[in-house]
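*Asks:* This structure is in structure tokens; I'll ask about it shortly.
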Amino acid sequence: MGSLPPSSDLSPSPNQPKTQENLDQSTLLNLFKSQQKYLNYFFQHLDLSQTLIFTQTLLNSSGTIFFTGVGKSGFVAQKISQTLISLAIKSGFLSPVDALHGDIGILTKDDVVVFFSKSGNTEELIRLAPCAKAKGAYLIGVTSNEGNLLMDYCDLNVHLPLERELCPFDLAPVTSTAIQMVFGDTVAIALMGARNLSKEQYAVNHPAGRIGKSLIFKVKDVMKKQEELPVCKECDLMMDQLVELTSKGCGCLLVIDDKYHLIGTFTDGDLRRTLKASGQGIFKLTVGDMCNRSPRTIGPDAMAVEAMQKMESPPSPVQFLPVINDEDILIGIVTLHGLVSAGL
């Protein structure tokens, strides 16, 4: 029985030059142009009447719209399903392998199953199709090769025209998956429009994203309140309120009367300017002597993004807004730092 040579014999010599692979700009540009040409072929030859029937079928579905596929087409199917879910459309991905081991139990006669496949002859999908048909679901095949086996099982077939793959061997599914994605996402937006989904409804499904937060969060959701507020009375000596000014992390004092009506604001910037102008005279000044009696304010039910816009508006930006209710009573403060921390 032979033996392997020592490992050192298998290692390249440290002095052996490494082969460098270069790609010039013109080659890359030609690839992009070729892909554009193949995508244009898809757009120019797509049967819009067929696509309309497909879209209308999904729109009229009273059940769940399932997508399925294998390999790269399976990834596209998952993505399109997630897009529909984000648009508040009942959808899901059905693994063709897991479906044949119990997951097909989720299908009902009200559901639609969309098969994404370039060839339409994928073995796993051919095995799934008659089983899904037996459950009473409506089957739709979305394929690029005409005259395929999947067509025999589907109630509706949609052809995605494909001139060829960008791959030099016309094998790697890089153009076919691109047109699948374009097709699916465009249909998703068509469904979004047909269902009159509002921006507010869209935001409800994206609460963690900046778009969602900007459309969901109100000032009352992000404001500081009660013990967090840096409050004082207008008769308080300015120097006696330094701890209150600096300890609450707002960079200001909110000047109120006995009934918590907002009288004005005094900022750490105001303190620096007053100290420079008054010197030792600052020890005799009250907060009411130097506060801004016409501060920008906002209500608790205003959108948080509106608060940010108000802070940044002319004549000069500010770092906070006192929050007052309909009776001009101070109930909170919203800060720029707080808005940024909330992801706005």
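By convention in this document, the chains of the structure tokens carry letters A, B, ... by their order, each chain's residues are numbered from 1, and ligands are numbered from 1 in the order they are shown.
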Would you tabulate, counting only C-alpha atoms, all residues of region 206-235 of chain A that have an atom at most 12 Å from an atom of region 189-201 of chain A, showing the closest pair of atoms and their distance in Å to one decimal, sorted by chain then ascending number, as a Markdown table?
*Replies:*
```
| residue | atom | partner | partner_atom | distance |
| --- | --- | --- | --- | --- |
| A:His206 | CA | A:Gln201 | CA | 9.2 |
| A:Pro207 | CA | A:Gln201 | CA | 10.6 |
| A:Ile211 | CA | A:Lys199 | CA | 9.3 |
| A:Gly212 | CA | A:Glu200 | CA | 8.1 |
| A:Lys213 | CA | A:Glu200 | CA | 10.4 |
| A:Ser214 | CA | A:Glu200 | CA | 9.8 |
| A:Leu215 | CA | A:Glu200 | CA | 6.2 |
| A:Ile216 | CA | A:Glu200 | CA | 7.5 |
| A:Phe217 | CA | A:Glu200 | CA | 11.1 |
```
*Asks:* Could you pull the residues within 6 Å of Val323 (chain A), counting only C-alpha atoms, minus those fewer than 4 positions along the same chain, as JSON, numbers by chain?
*Replies:* {"A": [297, 298, 299, 330, 331, 332, 333]}
*Asks:* Write out as a ChimeraX atom specification all residues of region 51-260 of chain A that backbone DSSP assigns to alpha helix (DSSP H).
*Replies:* /A:51-60,72-86,96-99,123-134,176-194,199-204,210-216,219-222,242-247
*Asks:* Using only C-alpha atoms, which residues sit within 9 Å of Phe67 (chain A) once same-chain residues fewer than 4 positions away are excluded, as a list in words?
*Replies:* Gly74, Ala77, Gln78, Ile80, Ser81, Ser91, Gly92, Phe93, Leu94, Ser95, Val112, Val113, Val114, Phe115 and Phe116 of chain A
*Asks:* Taking the backbone alone, and naming residues the way the document does, which bits of region 182-271 of chain A are strand (DSSP E) by DSSP, as a list in words?
*Replies:*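 Here is the list: Val231, Cys232, Lys233, Cys252, Leu253, Leu254, Val255, Ile256, Leu262, Ile263, Gly264, Thr265, Phe266 and Thr267 of chain A.
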*Asks:* Which is closest to Lys133 (chain A) among A:Ser73, A:Gln319, A:Gln82, A:Thr108, if we use only C-alpha atoms?
*Replies:*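 Residue with the minimum atom-to-atom distance to Lys133 (chain A): A:Thr108.
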*Asks:* Find the residues near Asn145 (chain A): any atom within 8 Å, counting only C-alpha atoms, skip ones fewer than 4 places away on the same chain, and give them as a list in words.
*Replies:*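 Listing them by chain and then by number gives Lys118, Ser119, Gly120 and His159 of chain A.
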*Asks:* Return the single residue from A:Leu321, A:Ala208, A:Ala304, A:Leu46 that is closest to Leu229 (chain A), with distances computed using only C-alpha atoms.
*Replies:* A:Leu321
*Asks:* Taking 4 positions as the minimum chain separation for residues in the same chain, which residues sit within 9 Å of region 165-170 of chain A when counting only C-alpha atoms? Answer as a ChimeraX atom specification.
*Replies:* /A:31,34-35,38,174-176
*Asks:* Could you write out the selected residues, including N, CA and C atoms, as a PDB file, in the first residue's frame?
*Replies:*
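Dumped everything to part-v9.pdb:
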```
ATOM      1  N   LEU A  31     -20.019  42.771 -19.732  1.00  0.00           N
ATOM      2  CA  LEU A  31     -20.892  41.851 -19.012  1.00  0.00           C
ATOM      3  C   LEU A  31     -22.177  42.547 -18.569  1.00  0.00           C
ATOM      4  N   SER A  34     -24.343  43.094 -21.532  1.00  0.00           N
ATOM      5  CA  SER A  34     -24.973  41.846 -21.963  1.00  0.00           C
ATOM      6  C   SER A  34     -26.150  41.502 -21.061  1.00  0.00           C
ATOM      7  N   GLN A  35     -25.952  41.671 -19.749  1.00  0.00           N
ATOM      8  CA  GLN A  35     -27.049  41.390 -18.825  1.00  0.00           C
ATOM      9  C   GLN A  35     -28.223  42.335 -19.075  1.00  0.00           C
ATOM     10  N   TYR A  38     -30.124  41.031 -22.027  1.00  0.00           N
ATOM     11  CA  TYR A  38     -30.947  39.863 -21.729  1.00  0.00           C
ATOM     12  C   TYR A  38     -32.175  40.244 -20.899  1.00  0.00           C
ATOM     13  N   VAL A 174     -28.098  33.057 -13.510  1.00  0.00           N
ATOM     14  CA  VAL A 174     -27.881  34.435 -13.054  1.00  0.00           C
ATOM     15  C   VAL A 174     -28.827  35.427 -13.740  1.00  0.00           C
ATOM     16  N   THR A 175     -29.234  35.118 -14.958  1.00  0.00           N
ATOM     17  CA  THR A 175     -30.214  35.966 -15.642  1.00  0.00           C
ATOM     18  C   THR A 175     -31.630  35.480 -15.351  1.00  0.00           C
ATOM     19  N   SER A 176     -31.820  34.183 -15.321  1.00  0.00           N
ATOM     20  CA  SER A 176     -33.157  33.633 -15.054  1.00  0.00           C
ATOM     21  C   SER A 176     -33.651  34.010 -13.662  1.00  0.00           C
TER      22      SER A 176
END
```
*Asks:* Tell me which of A:Ile282, A:Val231, A:Leu242, A:Ala129 sits closest to Thr265 (chain A), counting only C-alpha atoms.
*Replies:*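 Closest to Thr265 (chain A), using only C-alpha atoms: A:Val231.
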